[in-house]
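J.: Starting off with a structure, shown below.
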Amino acid sequence: MSKKDERDRSRVEAVLELIRKQTPLTVKQEKFCNYACVERFLKAKGDNVKRAAKQLRACLSWRESIGADYLVADEFSGELADGLAYVAGHDDEYRPVMILRMKQEYQKFHSQKMFTRLLVFTMEVAVSTMPKYVQQFVLLFDASFYRSASAFTNLLVGALKIMGEYYPGRLHKAFIIDPPSLFPYFWKGVGAFVELSAVTKVVSSLDFHGEDVSSGDLTGGRSVMNAGSCSSSRFAFTVSHHVDSLKPWYLSLSETSVTSRTPVQQRTPRPSFLKSPAGMVFRRGERVCRESFLPLWKIYRRPYDEMVYRSKMRGPLGGNFRRRHVSFSQRF
């Protein structure tokens, strides 16, 4: 063991010692505070033992307040059926790829704490699917369902704050897809105060219109699958032949589990928001990484299948155990 490894290990042990002095850790907390976890908190705090211990203790308290260790899929059956948040697969470096397709109406009927629990559940699923040598995930946030730039900005900043404070070092990159036209102005004002703004990029789906999306299975992107249909326990969607919209599919409340797969139809291109006046302002300050997003575009376009996603959930996340009672205050 080199001197650097010895120093790193001594710092990790010092952090754990400071935490245990305050209150003893539970079995689940001990499991959470493994070497890699403490090392990520240390790196986020510049190897400062006291600051890392303080943040880790705050993280443990936060996880306990929302019941993070007791989240199960059955609690989010509606969200899973609609495909609002899920792990779609892995990129070329085997990092899990999370997709959020939140609708603006979701916030009208659900509290911020409910969204936080859904986000944490999705991140826990992503973490559970990581190979041993992988410690980060990728986020694709589909903002095309949002009309209000301020509402989406508030949601995005809240999500990035959770990842930065309670999942430090986990987010590799975040791509915001088709946000409202005024979003760049809001982001330019608040981005400087967001810790993860440096790894957050904005892309327009129309810039990738016509790219090959026929590659990839849900585990690594190497087999062939035509984009066209989707099934879940609530609805099915198929490619639309007549609807001229940014999203080349329509929803149907049918009982059909899986419809026949058809190729993606051509649609009339609409002006990209990145080429609009707001987009040009944004582009002067941010450079869209086309090369880094192109492999993820294929994952983004794959049809969502609820059963495939549920099969990724390991252990308690899938609901395969007797569920602990979660109080009303923890859920909402």
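Residue names in the structure tokens use chain letters A, B, ... in the order shown, residue numbers from 1 in each chain, and ligand numbers from 1 in the order shown.
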Skip Ile19 of chain A itself and residues of its chain fewer than 3 positions away, then list as a CSV table (one decimal) with C-alpha atoms, in the first residue's frame all residues within 7 Å of it, counting only C-alpha atoms.

T.:
```csv
chain,number,residue,atom,x,y,z
A,15,VAL,CA,-14.6,10.7,9.1
A,16,LEU,CA,-16.3,7.5,10.4
A,22,GLN,CA,-22.1,11.8,17.8
A,23,THR,CA,-24.5,8.8,17.5
A,53,ALA,CA,-18.1,14.2,8.3
A,57,ARG,CA,-24.0,13.1,9.0
```

J.: Tell me which protein, DNA and RNA residues are within 9 Å of Arg40 of chain A, counting only C-alpha atoms, leaving out same-chain ones fewer than 2 positions away, and put them as a ChimeraX atom specification.

T.: /A:35-38,42-45,167-170

J.: Please, which residues of segment 60-226 of chain A, numbered as in this document, come out strand (DSSP E or B) from DSSP, as a PyMOL selection string?

T.: chain A and resi 85-90+96-100+137-142+171-177+200-203+215+224

J.: Can you check which residues of segment 123-226 of chain A DSSP gives as alpha helix (DSSP H) on the backbone and send them as a PyMOL selection string?

T.: chain A and resi 123-128+149-166+183-190

J.: Find the spatial neighbours of segment 119-131 of chain A, counting only C-alpha atoms, within a cut-off of 6 Å - ignore same-chain residues fewer than 6 positions away - and output them as an NGL selection string.

T.: :A and (86 or 96 or 313)

J.: Taking into account only C-alpha atoms, which residue in the set A:Ala81, A:Leu25, A:Val202, A:Leu296 is nearest to Glu93 of chain A?

T.: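 Going through A:Ala81, A:Leu25, A:Val202, A:Leu296 one by one, the smallest distance to Glu93 of chain A is for A:Leu296.
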
J.: Considering only C-alpha atoms, return as a ChimeraX atom specification whatever protein or nucleic-acid residues lie within 6 Å of segment 144-151 of chain A, sequence-local ones (same chain, fewer than 4 positions apart) excluded.

T.: /A:103-104,178-180,182-183

J.: May I ask for the distance between atom CA of Gly158 of chain A and atom CA of Val194 of chain A, given in Å to one decimal place?

T.: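 Atom CA of Val194 of chain A lies 9.5 Å from atom CA of Gly158 of chain A.
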
J.: Do you know which residues are at most 12 Å from Glu165 of chain A counting only C-alpha atoms, after dropping those on the same chain fewer than 6 positions away, and could you put them as a PyMOL selection string?

T.: chain A and resi 40-41+44-45+52+54-60+62-63+157-159+171+194-196

J.: State, in Å with one decimal place, the distance from atom CA of Ile177 of chain A to atom CA of Asp142 of chain A.

T.: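 Separating atom CA of Ile177 of chain A from atom CA of Asp142 of chain A is a distance of 4.9 Å.
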